[in-house]
$ cat start-v7.cif   # mmCIF, C-alpha atoms
data_start
#
loop_
_atom_site.label_atom_id
_atom_site.label_comp_id
_atom_site.auth_asym_id
_atom_site.auth_seq_id
_atom_site.Cartn_x
_atom_site.Cartn_y
_atom_site.Cartn_z
CA MET A 1 12.29 8.82 -86.47
CA LYS A 2 15.59 7.13 -87.27
CA LYS A 3 17.38 6.79 -83.93
CA ILE A 4 15.15 6.58 -80.88
CA LEU A 5 16.00 6.74 -77.17
CA LEU A 6 13.45 5.39 -74.68
CA THR A 7 13.59 6.11 -70.96
CA GLY A 8 11.72 3.83 -68.56
CA ALA A 9 12.00 1.08 -71.16
CA LEU A 10 11.33 -1.70 -68.66
CA GLY A 11 8.05 -0.21 -67.47
CA GLN A 12 4.47 -0.98 -68.49
CA ILE A 13 4.53 0.91 -71.79
CA GLY A 14 8.26 0.81 -72.47
CA SER A 15 8.69 -2.95 -72.27
CA GLU A 16 6.30 -3.42 -75.20
CA LEU A 17 6.95 -0.20 -77.11
CA THR A 18 10.70 -0.90 -77.27
CA LEU A 19 10.18 -4.28 -78.92
CA LYS A 20 7.56 -2.95 -81.33
CA MET A 21 9.75 -0.04 -82.36
CA ARG A 22 12.73 -2.37 -82.86
CA GLU A 23 10.60 -4.41 -85.26
CA ILE A 24 9.66 -1.27 -87.21
CA TYR A 25 12.84 0.82 -87.11
CA GLY A 26 15.53 -1.84 -86.57
CA ALA A 27 16.94 -3.18 -83.32
CA ASP A 28 20.12 -1.08 -83.41
CA ASN A 29 18.11 2.12 -83.91
CA VAL A 30 16.10 1.87 -80.67
CA ILE A 31 18.12 2.50 -77.52
CA ALA A 32 16.42 1.31 -74.36
CA THR A 33 17.30 2.79 -70.97
CA ASP A 34 16.18 2.16 -67.42
CA ILE A 35 17.48 2.52 -63.89
CA ARG A 36 17.72 -1.30 -63.61
CA ASP A 37 18.69 -4.28 -65.74
CA ASN A 38 16.25 -7.20 -65.53
CA GLY A 39 17.79 -9.30 -68.27
CA SER A 40 14.56 -9.27 -70.30
CA ASP A 41 14.08 -9.22 -74.08
CA VAL A 42 14.23 -5.43 -73.95
CA VAL A 43 17.76 -5.65 -72.55
CA GLN A 44 18.88 -8.48 -74.79
CA SER A 45 17.36 -7.58 -78.16
CA GLY A 46 19.15 -4.29 -78.82
CA PRO A 47 21.17 -1.44 -77.29
CA PHE A 48 20.50 -0.98 -73.56
CA GLU A 49 21.95 1.53 -71.11
CA LEU A 50 21.46 1.99 -67.38
CA LEU A 51 20.16 5.52 -66.85
CA ASP A 52 18.86 7.59 -63.94
CA VAL A 53 16.66 10.22 -65.63
CA THR A 54 17.27 12.67 -62.79
CA ASP A 55 20.90 12.87 -64.00
CA HIS A 56 20.92 15.35 -66.89
CA LYS A 57 24.54 14.76 -67.88
CA ALA A 58 24.08 11.00 -68.01
CA MET A 59 20.99 11.37 -70.22
CA PHE A 60 22.75 13.81 -72.52
CA ASP A 61 25.77 11.52 -72.81
CA VAL A 62 23.65 8.49 -73.78
CA ALA A 63 21.60 10.45 -76.31
CA ASN A 64 24.72 12.02 -77.79
CA LYS A 65 26.60 8.71 -77.90
CA TYR A 66 23.93 7.10 -80.08
CA GLU A 67 23.19 10.28 -82.08
CA VAL A 68 19.45 9.96 -81.47
CA ASP A 69 16.89 12.15 -83.20
CA THR A 70 13.89 11.17 -81.06
CA ILE A 71 13.37 10.80 -77.30
CA ILE A 72 10.44 8.82 -75.90
CA HIS A 73 10.34 9.74 -72.22
CA LEU A 74 8.37 7.16 -70.20
CA ALA A 75 10.15 7.02 -66.83
CA ALA A 76 7.73 8.00 -64.04
CA LEU A 77 5.99 6.94 -60.85
CA LEU A 78 2.33 6.04 -61.47
CA SER A 79 -0.72 7.44 -59.68
CA ALA A 80 -1.19 5.24 -56.62
CA THR A 81 2.55 4.99 -55.93
CA ALA A 82 2.97 8.73 -56.44
CA GLU A 83 0.29 9.43 -53.83
CA LYS A 84 2.22 7.37 -51.27
CA MET A 85 5.50 9.18 -52.05
CA PRO A 86 4.54 12.62 -53.39
CA LEU A 87 7.93 14.31 -53.05
CA LEU A 88 9.71 11.44 -54.77
CA ALA A 89 7.06 11.58 -57.49
CA TRP A 90 7.63 15.30 -58.03
CA ASN A 91 11.40 14.93 -58.13
CA LEU A 92 11.35 11.94 -60.48
CA ASN A 93 8.41 12.84 -62.70
CA MET A 94 9.20 16.52 -63.13
CA GLY A 95 12.99 16.38 -62.76
CA GLY A 96 13.25 13.59 -65.32
CA LEU A 97 10.91 15.42 -67.70
CA VAL A 98 12.90 18.66 -67.54
CA ASN A 99 16.11 16.75 -68.23
CA ALA A 100 14.58 14.92 -71.19
CA LEU A 101 13.24 18.17 -72.64
CA GLU A 102 16.58 19.88 -72.17
CA VAL A 103 18.43 17.07 -73.95
CA SER A 104 15.87 17.25 -76.75
CA ARG A 105 16.49 20.99 -77.03
CA GLU A 106 20.26 20.59 -76.94
CA LEU A 107 20.37 17.80 -79.55
CA ASN A 108 17.39 18.95 -81.65
CA CYS A 109 15.36 15.79 -80.99
CA LYS A 110 11.69 15.10 -81.58
CA PHE A 111 10.08 14.40 -78.19
CA PHE A 112 7.21 12.36 -76.74
CA THR A 113 5.98 11.89 -73.20
CA PRO A 114 2.62 10.52 -72.06
CA SER A 115 0.09 12.48 -70.08
CA SER A 116 -2.96 10.89 -68.46
CA ILE A 117 -6.61 11.27 -67.59
CA GLY A 118 -5.11 11.89 -64.15
CA ALA A 119 -4.53 15.44 -65.41
CA PHE A 120 -8.25 16.01 -64.90
CA GLY A 121 -9.88 16.56 -61.52
CA PRO A 122 -13.21 16.63 -59.66
CA SER A 123 -14.28 19.90 -61.31
CA THR A 124 -13.67 18.58 -64.84
CA PRO A 125 -16.82 17.52 -66.74
CA LYS A 126 -17.19 13.79 -65.98
CA ASP A 127 -18.85 12.54 -69.17
CA GLN A 128 -17.29 12.93 -72.62
CA THR A 129 -14.61 15.11 -71.07
CA PRO A 130 -13.59 17.67 -73.73
CA GLN A 131 -10.11 18.00 -75.18
CA ASP A 132 -9.87 21.55 -73.79
CA THR A 133 -11.41 21.88 -70.35
CA ILE A 134 -10.69 22.78 -66.74
CA GLN A 135 -7.81 20.80 -65.20
CA ARG A 136 -7.56 21.00 -61.42
CA PRO A 137 -6.31 17.57 -60.28
CA THR A 138 -6.17 16.71 -56.58
CA THR A 139 -3.34 14.14 -56.76
CA MET A 140 0.41 14.59 -57.05
CA TYR A 141 0.37 12.44 -60.20
CA GLY A 142 -2.26 14.71 -61.72
CA VAL A 143 -0.32 17.83 -60.78
CA ASN A 144 2.76 16.30 -62.43
CA LYS A 145 0.82 15.56 -65.62
CA VAL A 146 -0.74 19.03 -65.95
CA SER A 147 2.65 20.60 -65.25
CA GLY A 148 4.20 18.31 -67.84
CA GLU A 149 1.66 19.23 -70.50
CA LEU A 150 2.34 22.92 -69.93
CA LEU A 151 6.10 22.41 -69.86
CA CYS A 152 6.05 20.53 -73.17
CA ASP A 153 3.98 23.32 -74.69
CA TYR A 154 6.53 25.82 -73.36
CA TYR A 155 9.46 23.99 -74.95
CA TYR A 156 7.60 23.88 -78.25
CA HIS A 157 6.73 27.59 -78.27
CA LYS A 158 9.94 28.86 -76.64
CA TYR A 159 12.57 26.63 -78.25
CA GLY A 160 10.84 24.94 -81.17
CA VAL A 161 11.21 21.43 -79.74
CA ASP A 162 8.82 19.12 -81.61
CA THR A 163 6.99 17.92 -78.50
CA ARG A 164 4.02 15.53 -78.68
CA GLY A 165 1.91 13.68 -76.13
CA LEU A 166 -1.23 11.69 -75.34
CA ARG A 167 -3.57 11.70 -72.35
CA PHE A 168 -3.79 7.96 -71.78
CA PRO A 169 -6.62 6.28 -69.91
CA GLY A 170 -5.92 3.13 -67.89
CA LEU A 171 -3.70 0.78 -69.91
CA ILE A 172 -4.28 -2.97 -69.90
CA SER A 173 -1.54 -5.41 -70.89
CA TYR A 174 -0.78 -9.12 -70.65
CA ALA A 175 2.97 -8.53 -70.98
CA THR A 176 3.64 -6.64 -67.74
CA PRO A 177 2.12 -7.08 -64.26
CA PRO A 178 0.37 -4.20 -62.44
CA GLY A 179 2.73 -1.35 -61.68
CA GLY A 180 1.15 1.02 -59.17
CA GLY A 181 -1.63 2.65 -61.14
CA THR A 182 -5.19 3.26 -60.00
CA THR A 183 -6.59 1.46 -63.04
CA ASP A 184 -4.39 -1.61 -62.49
CA TYR A 185 -7.35 -3.60 -61.18
CA ALA A 186 -8.34 -4.03 -64.83
CA VAL A 187 -5.01 -5.80 -65.42
CA ASP A 188 -4.82 -7.81 -62.20
CA ILE A 189 -8.36 -9.15 -62.57
CA TYR A 190 -7.34 -11.20 -65.63
CA TYR A 191 -4.35 -12.73 -63.82
CA LYS A 192 -6.49 -13.67 -60.82
CA ALA A 193 -9.26 -15.02 -63.05
CA ILE A 194 -6.88 -17.53 -64.57
CA GLU A 195 -5.02 -18.33 -61.34
CA ASP A 196 -8.00 -19.10 -59.07
CA ALA A 197 -11.18 -17.69 -60.68
CA ARG A 198 -11.56 -15.08 -57.93
CA TYR A 199 -10.72 -11.42 -57.61
CA THR A 200 -11.15 -8.80 -54.89
CA SER A 201 -11.56 -5.36 -56.42
CA TYR A 202 -10.19 -2.30 -54.63
CA ILE A 203 -12.40 -0.15 -56.89
CA ALA A 204 -16.11 0.07 -56.02
CA GLN A 205 -19.03 -1.08 -58.13
CA GLY A 206 -20.36 1.53 -60.51
CA THR A 207 -17.01 3.29 -60.94
CA TYR A 208 -16.57 4.00 -64.64
CA MET A 209 -13.06 4.66 -65.93
CA ASP A 210 -11.67 4.96 -69.43
CA MET A 211 -9.36 2.16 -70.55
CA MET A 212 -7.26 1.11 -73.52
CA TYR A 213 -5.63 -2.16 -74.53
CA MET A 214 -1.86 -1.85 -74.90
CA PRO A 215 -1.68 -2.66 -78.66
CA ASP A 216 -3.89 0.38 -79.31
CA ALA A 217 -1.72 2.53 -77.04
CA LEU A 218 1.48 1.53 -78.82
CA ASN A 219 -0.04 2.26 -82.22
CA ALA A 220 -1.25 5.63 -80.97
CA ILE A 221 2.26 6.66 -79.89
CA ILE A 222 3.85 5.62 -83.18
CA ASN A 223 1.10 7.15 -85.32
CA LEU A 224 1.26 10.45 -83.44
CA MET A 225 5.04 10.60 -83.75
CA GLU A 226 4.81 9.91 -87.50
CA ALA A 227 2.01 12.45 -88.02
CA ASP A 228 2.44 15.59 -90.12
CA PRO A 229 3.40 18.30 -87.58
CA SER A 230 1.58 20.99 -89.56
CA LYS A 231 -1.74 19.28 -88.76
CA LEU A 232 -1.18 19.09 -85.00
CA ILE A 233 -3.01 21.77 -83.07
CA HIS A 234 -2.90 20.32 -79.54
CA ARG A 235 0.43 18.45 -79.78
CA ASN A 236 1.06 17.55 -76.11
CA SER A 237 -2.20 16.43 -74.61
CA PHE A 238 -4.44 14.56 -77.04
CA ASN A 239 -7.32 12.75 -75.37
CA VAL A 240 -7.35 9.09 -76.46
CA THR A 241 -9.56 6.25 -75.31
CA ALA A 242 -10.97 2.92 -76.44
CA MET A 243 -13.60 1.91 -73.87
CA SER A 244 -15.16 2.91 -70.55
CA PHE A 245 -16.45 0.35 -68.05
CA GLU A 246 -17.13 -0.34 -64.38
CA PRO A 247 -15.66 -3.32 -62.46
CA GLU A 248 -18.81 -5.42 -62.72
CA GLN A 249 -18.76 -5.11 -66.51
CA ILE A 250 -15.26 -6.49 -66.86
CA ALA A 251 -16.20 -9.28 -64.42
CA ALA A 252 -19.26 -10.14 -66.53
CA GLU A 253 -17.14 -10.30 -69.67
CA ILE A 254 -14.67 -12.65 -67.98
CA LYS A 255 -17.52 -14.91 -66.80
CA LYS A 256 -18.42 -15.55 -70.43
CA HIS A 257 -15.12 -17.44 -70.69
CA ILE A 258 -14.62 -18.54 -67.05
CA PRO A 259 -18.18 -19.22 -65.80
CA ASN A 260 -17.15 -19.89 -62.18
CA PHE A 261 -15.33 -16.56 -61.85
CA VAL A 262 -16.31 -14.62 -58.72
CA MET A 263 -15.53 -10.98 -57.90
CA GLN A 264 -15.69 -9.43 -54.44
CA TYR A 265 -15.00 -5.90 -53.24
CA ASP A 266 -12.66 -4.45 -50.63
CA VAL A 267 -12.49 -0.79 -51.58
CA ASP A 268 -9.20 1.04 -51.07
CA PRO A 269 -10.19 4.61 -50.11
CA VAL A 270 -7.00 6.13 -51.56
CA ARG A 271 -7.31 4.57 -55.00
CA GLN A 272 -11.10 4.97 -54.98
CA GLY A 273 -10.67 8.65 -54.25
CA ILE A 274 -8.29 8.97 -57.19
CA ALA A 275 -10.72 7.09 -59.47
CA ASP A 276 -13.65 9.27 -58.36
CA SER A 277 -11.72 12.39 -59.39
CA TRP A 278 -11.26 11.13 -62.95
CA PRO A 279 -13.69 11.23 -65.90
CA ASN A 280 -16.24 8.53 -66.65
CA SER A 281 -15.55 8.89 -70.37
CA ILE A 282 -13.56 11.25 -72.57
CA ASP A 283 -13.92 12.84 -76.00
CA CYS A 284 -11.06 11.93 -78.36
CA SER A 285 -12.38 13.69 -81.47
CA ALA A 286 -9.36 16.05 -81.65
CA ALA A 287 -6.99 13.10 -82.00
CA GLN A 288 -9.26 11.58 -84.63
CA LYS A 289 -9.36 14.78 -86.67
CA GLU A 290 -5.74 15.89 -86.35
CA TRP A 291 -3.88 12.61 -86.92
CA GLY A 292 -6.43 9.86 -87.51
CA PHE A 293 -6.51 8.14 -84.12
CA LYS A 294 -8.64 5.02 -83.81
CA ALA A 295 -8.75 2.07 -81.40
CA ASP A 296 -9.24 -1.52 -82.58
CA TYR A 297 -10.10 -3.19 -79.26
CA ASP A 298 -13.30 -2.98 -77.21
CA LEU A 299 -13.90 -4.78 -73.90
CA ALA A 300 -15.09 -8.05 -75.48
CA LYS A 301 -12.25 -8.30 -78.01
CA MET A 302 -9.65 -7.34 -75.42
CA THR A 303 -10.92 -9.93 -72.93
CA VAL A 304 -10.61 -12.74 -75.46
CA ASP A 305 -7.05 -11.73 -76.31
CA MET A 306 -5.98 -11.15 -72.68
CA LEU A 307 -7.22 -14.56 -71.53
CA GLU A 308 -5.69 -16.36 -74.50
CA LYS A 309 -2.30 -14.73 -73.96
CA LEU A 310 -2.24 -15.12 -70.16
CA LYS A 311 -3.22 -18.79 -70.25
CA LYS A 312 0.13 -19.40 -71.95
CA THR A 313 2.16 -17.61 -69.28
CA VAL A 314 0.33 -17.61 -65.93
CA THR A 315 1.05 -20.55 -63.63
CA VAL A 316 -2.15 -21.92 -62.08
#
$ encode --input "start-v7.cif" --output "structure tokens"
Amino acid sequence: MKKILLTGALGQIGSELTLKMREIYGADNVIATDIRDNGSDVVQSGPFELLDVTDHKAMFDVANKYEVDTIIHLAALLSATAEKMPLLAWNLNMGGLVNALEVSRELNCKFFTPSSIGAFGPSTPKDQTPQDTIQRPTTMYGVNKVSGELLCDYYYHKYGVDTRGLRFPGLISYATPPGGGTTDYAVDIYYKAIEDARYTSYIAQGTYMDMMYMPDALNAIINLMEADPSKLIHRNSFNVTAMSFEPEQIAAEIKKHIPNFVMQYDVDPVRQGIADSWPNSIDCSAAQKEWGFKADYDLAKMTVDMLEKLKKTVTV
């Protein structure tokens, strides 16, 4: 990767990945794009272009202008938001993906887009979900992700586009607030713990979901994109994970540092239904074998880092 274009650069992953990639590859070699300009470090620290990913010509023109050789396509509606606006989710998630793949084909770019554990469904094995297994999701977000995995495979086999992807679990970050995902309770709980030592969970007790701390997710993207293509068997849908926990476990970990922390429950049936359709834990051995994936953070180590970082930024 020498010249990299990121779509959705102001989102949960993009806002941190852009800055990390600029540190590694040089600020001028990482072109950030989004549909809005929020004046953040992402906008100020290197090239930035306004871009609607549903506009193929606009995406082609930006990629061609900067002579990019890699496209990191992150622009999407997340699970809970997608379920509220399913047609918008289809048009944005799939329309943007097709455009990004087409530009990659036209300009001979290496390509990455994330998939998700949302690509699994109620009939998928719940524990240690295999890399290759039945995928029959019951959400629009899940349908988008399965379709995206297949489409990326198609572009690789049909056109030779070097497509790569990861099935992310819930991602936890101190740098960006919750953004409409089902697993966002595991982000919001840290904010609320520092603000007033109380949190009301919309996910029920006993609901296990896979999670990953953002530094591990960023490293996984970069390591996969730098991996030897001849060793990649699965390419577009590697299972990756770092930890699996239920709400009461994250609350217990927080109480070790904030003893008066209290968690209550007010279950949201929509997001609970989505969570119940996802795995309890997944098997990431294919990623480990094919390109050396590993995660550095578990729940305890992540909690320490999250609370330390948020105490510097959250207003109490």
$ closest_atom_pairs --input "start-v7.cif" --of "range 80-146 of chain A" --to "range 230-247 of chain A" --cutoff "9 Å" --atoms "only C-alpha atoms" --output "Markdown table"
| residue | atom | partner | partner_atom | distance |
| --- | --- | --- | --- | --- |
| A:Phe112 | CA | A:Asn236 | CA | 8.1 |
| A:Thr113 | CA | A:Asn236 | CA | 8.0 |
| A:Pro114 | CA | A:Ser237 | CA | 8.0 |
| A:Ser115 | CA | A:Ser237 | CA | 6.4 |
| A:Ser116 | CA | A:Ser237 | CA | 8.3 |
| A:Ile117 | CA | A:Asn239 | CA | 8.0 |
| A:Thr129 | CA | A:Asn239 | CA | 8.8 |
| A:Pro130 | CA | A:Asn239 | CA | 8.1 |
| A:Gln131 | CA | A:Asn239 | CA | 5.9 |
$ residues_around --input "start-v7.cif" --residues "Ile172 in chain A" --least-positions-apart "4" --cutoff "6 Å" --atoms "all atoms listed in the file" --output "PyMOL selection string"
chain A and resi 187+213-214
$ write_last_selection --input "start-v7.cif" --atoms "C-alpha atoms" --output "mmCIF file, keeping the file's coordinate frame"
data_model
loop_
_atom_site.group_PDB
_atom_site.id
_atom_site.type_symbol
_atom_site.label_atom_id
_atom_site.label_comp_id
_atom_site.auth_asym_id
_atom_site.auth_seq_id
_atom_site.Cartn_x
_atom_site.Cartn_y
_atom_site.Cartn_z
ATOM 1 C CA VAL A 187 -5.010 -5.800 -65.420
ATOM 2 C CA TYR A 213 -5.630 -2.160 -74.530
ATOM 3 C CA MET A 214 -1.860 -1.850 -74.900
#
$ closest_residue --input "start-v7.cif" --among "A:Asn64, A:Asn93, A:Ser79, A:Gln12" --to "Glu106 in chain A" --atoms "all atoms listed in the file"
A:Asn64
$ resolve_selection --input "start-v7.cif" --expression "the PyMOL selection byres ((chain A and resi 191) around 12)" --output "PyMOL selection string"
chain A and resi 172-178+184-190+192-200+254+261+303+306-316
$ resolve_selection --input "start-v7.cif" --expression "the PyMOL selection byres ((chain A and resi 52) around 9)" --output "ChimeraX atom specification"
/A:7,33-36,50-51,53-56,58-59,96
$ write_last_selection --input "start-v7.cif" --atoms "C-alpha atoms" --output "PDB file, keeping the file's coordinate frame"
ATOM      1  CA  THR A   7      13.590   6.110 -70.960  1.00  0.00           C
ATOM      2  CA  THR A  33      17.300   2.790 -70.970  1.00  0.00           C
ATOM      3  CA  ASP A  34      16.180   2.160 -67.420  1.00  0.00           C
ATOM      4  CA  ILE A  35      17.480   2.520 -63.890  1.00  0.00           C
ATOM      5  CA  ARG A  36      17.720  -1.300 -63.610  1.00  0.00           C
ATOM      6  CA  LEU A  50      21.460   1.990 -67.380  1.00  0.00           C
ATOM      7  CA  LEU A  51      20.160   5.520 -66.850  1.00  0.00           C
ATOM      8  CA  VAL A  53      16.660  10.220 -65.630  1.00  0.00           C
ATOM      9  CA  THR A  54      17.270  12.670 -62.790  1.00  0.00           C
ATOM     10  CA  ASP A  55      20.900  12.870 -64.000  1.00  0.00           C
ATOM     11  CA  HIS A  56      20.920  15.350 -66.890  1.00  0.00           C
ATOM     12  CA  ALA A  58      24.080  11.000 -68.010  1.00  0.00           C
ATOM     13  CA  MET A  59      20.990  11.370 -70.220  1.00  0.00           C
ATOM     14  CA  GLY A  96      13.250  13.590 -65.320  1.00  0.00           C
TER      15      GLY A  96
END
$ residues_around --input "start-v7.cif" --residues "Ala89 in chain A" --least-positions-apart "3" --cutoff "12 Å" --atoms "only C-alpha atoms" --output "ChimeraX atom specification"
/A:54,75-86,92-97,139-145
$ closest_residue --input "start-v7.cif" --among "A:Ala295, A:Ser201, A:Asn38, A:Asp216" --to "Gly11 in chain A" --atoms "only C-alpha atoms"
A:Asn38
$ atom_distance --input "start-v7.cif" --atom1 "CA of Tyr66 in chain A" --atom2 "CA of Val98 in chain A"
20.3 Å
$ resolve_selection --input "start-v7.cif" --expression "the PyMOL selection byres ((chain A and resi 299) around 8)" --output "MDAnalysis selection string"
chainID A and resid 243 250 253 297:298 300:303
$ write_last_selection --input "start-v7.cif" --atoms "C-alpha atoms" --output "PDB file, in the frame of the given file"
ATOM      1  CA  MET A 243     -13.600   1.910 -73.870  1.00  0.00           C
ATOM      2  CA  ILE A 250     -15.260  -6.490 -66.860  1.00  0.00           C
ATOM      3  CA  GLU A 253     -17.140 -10.300 -69.670  1.00  0.00           C
ATOM      4  CA  TYR A 297     -10.100  -3.190 -79.260  1.00  0.00           C
ATOM      5  CA  ASP A 298     -13.300  -2.980 -77.210  1.00  0.00           C
ATOM      6  CA  ALA A 300     -15.090  -8.050 -75.480  1.00  0.00           C
ATOM      7  CA  LYS A 301     -12.250  -8.300 -78.010  1.00  0.00           C
ATOM      8  CA  MET A 302      -9.650  -7.340 -75.420  1.00  0.00           C
ATOM      9  CA  THR A 303     -10.920  -9.930 -72.930  1.00  0.00           C
TER      10      THR A 303
END
$ closest_residue --input "start-v7.cif" --among "A:His257, A:Lys57, A:Asn219, A:Asn99" --to "Asp305 in chain A" --atoms "all atoms listed in the file"
A:His257
$ decode --input "start-v7.cif" --residues "range 58-70 of chain A" --atoms "N, CA and C atoms" --output "PDB file, in the first residue's frame"
ATOM      1  N   ALA A  58     -18.068  10.313  -8.744  1.00  0.00           N
ATOM      2  CA  ALA A  58     -17.344  11.108  -7.754  1.00  0.00           C
ATOM      3  C   ALA A  58     -16.250  10.273  -7.080  1.00  0.00           C
ATOM      4  N   MET A  59     -16.562   9.010  -6.764  1.00  0.00           N
ATOM      5  CA  MET A  59     -15.562   8.150  -6.139  1.00  0.00           C
ATOM      6  C   MET A  59     -14.412   7.868  -7.101  1.00  0.00           C
ATOM      7  N   PHE A  60     -14.746   7.577  -8.341  1.00  0.00           N
ATOM      8  CA  PHE A  60     -13.699   7.346  -9.340  1.00  0.00           C
ATOM      9  C   PHE A  60     -12.805   8.567  -9.482  1.00  0.00           C
ATOM     10  N   ASP A  61     -13.411   9.747  -9.552  1.00  0.00           N
ATOM     11  CA  ASP A  61     -12.639  10.973  -9.762  1.00  0.00           C
ATOM     12  C   ASP A  61     -11.668  11.230  -8.610  1.00  0.00           C
ATOM     13  N   VAL A  62     -12.115  10.996  -7.364  1.00  0.00           N
ATOM     14  CA  VAL A  62     -11.228  11.201  -6.216  1.00  0.00           C
ATOM     15  C   VAL A  62     -10.082  10.192  -6.238  1.00  0.00           C
ATOM     16  N   ALA A  63     -10.419   8.918  -6.461  1.00  0.00           N
ATOM     17  CA  ALA A  63      -9.387   7.883  -6.494  1.00  0.00           C
ATOM     18  C   ALA A  63      -8.386   8.126  -7.613  1.00  0.00           C
ATOM     19  N   ASN A  64      -8.876   8.541  -8.766  1.00  0.00           N
ATOM     20  CA  ASN A  64      -8.010   8.808  -9.909  1.00  0.00           C
ATOM     21  C   ASN A  64      -7.148  10.043  -9.685  1.00  0.00           C
ATOM     22  N   LYS A  65      -7.719  11.055  -9.079  1.00  0.00           N
ATOM     23  CA  LYS A  65      -7.003  12.310  -8.798  1.00  0.00           C
ATOM     24  C   LYS A  65      -5.761  12.058  -7.955  1.00  0.00           C
ATOM     25  N   TYR A  66      -5.893  11.199  -6.956  1.00  0.00           N
ATOM     26  CA  TYR A  66      -4.778  10.947  -6.033  1.00  0.00           C
ATOM     27  C   TYR A  66      -3.949   9.722  -6.424  1.00  0.00           C
ATOM     28  N   GLU A  67      -4.332   9.079  -7.522  1.00  0.00           N
ATOM     29  CA  GLU A  67      -3.601   7.911  -8.032  1.00  0.00           C
ATOM     30  C   GLU A  67      -3.422   6.851  -6.944  1.00  0.00           C
ATOM     31  N   VAL A  68      -4.526   6.478  -6.306  1.00  0.00           N
ATOM     32  CA  VAL A  68      -4.462   5.531  -5.200  1.00  0.00           C
ATOM     33  C   VAL A  68      -4.262   4.109  -5.712  1.00  0.00           C
ATOM     34  N   ASP A  69      -3.640   3.288  -4.878  1.00  0.00           N
ATOM     35  CA  ASP A  69      -3.487   1.872  -5.216  1.00  0.00           C
ATOM     36  C   ASP A  69      -4.244   0.962  -4.264  1.00  0.00           C
ATOM     37  N   THR A  70      -4.885   1.552  -3.249  1.00  0.00           N
ATOM     38  CA  THR A  70      -5.625   0.785  -2.250  1.00  0.00           C
ATOM     39  C   THR A  70      -6.877   1.559  -1.855  1.00  0.00           C
TER      40      THR A  70
END
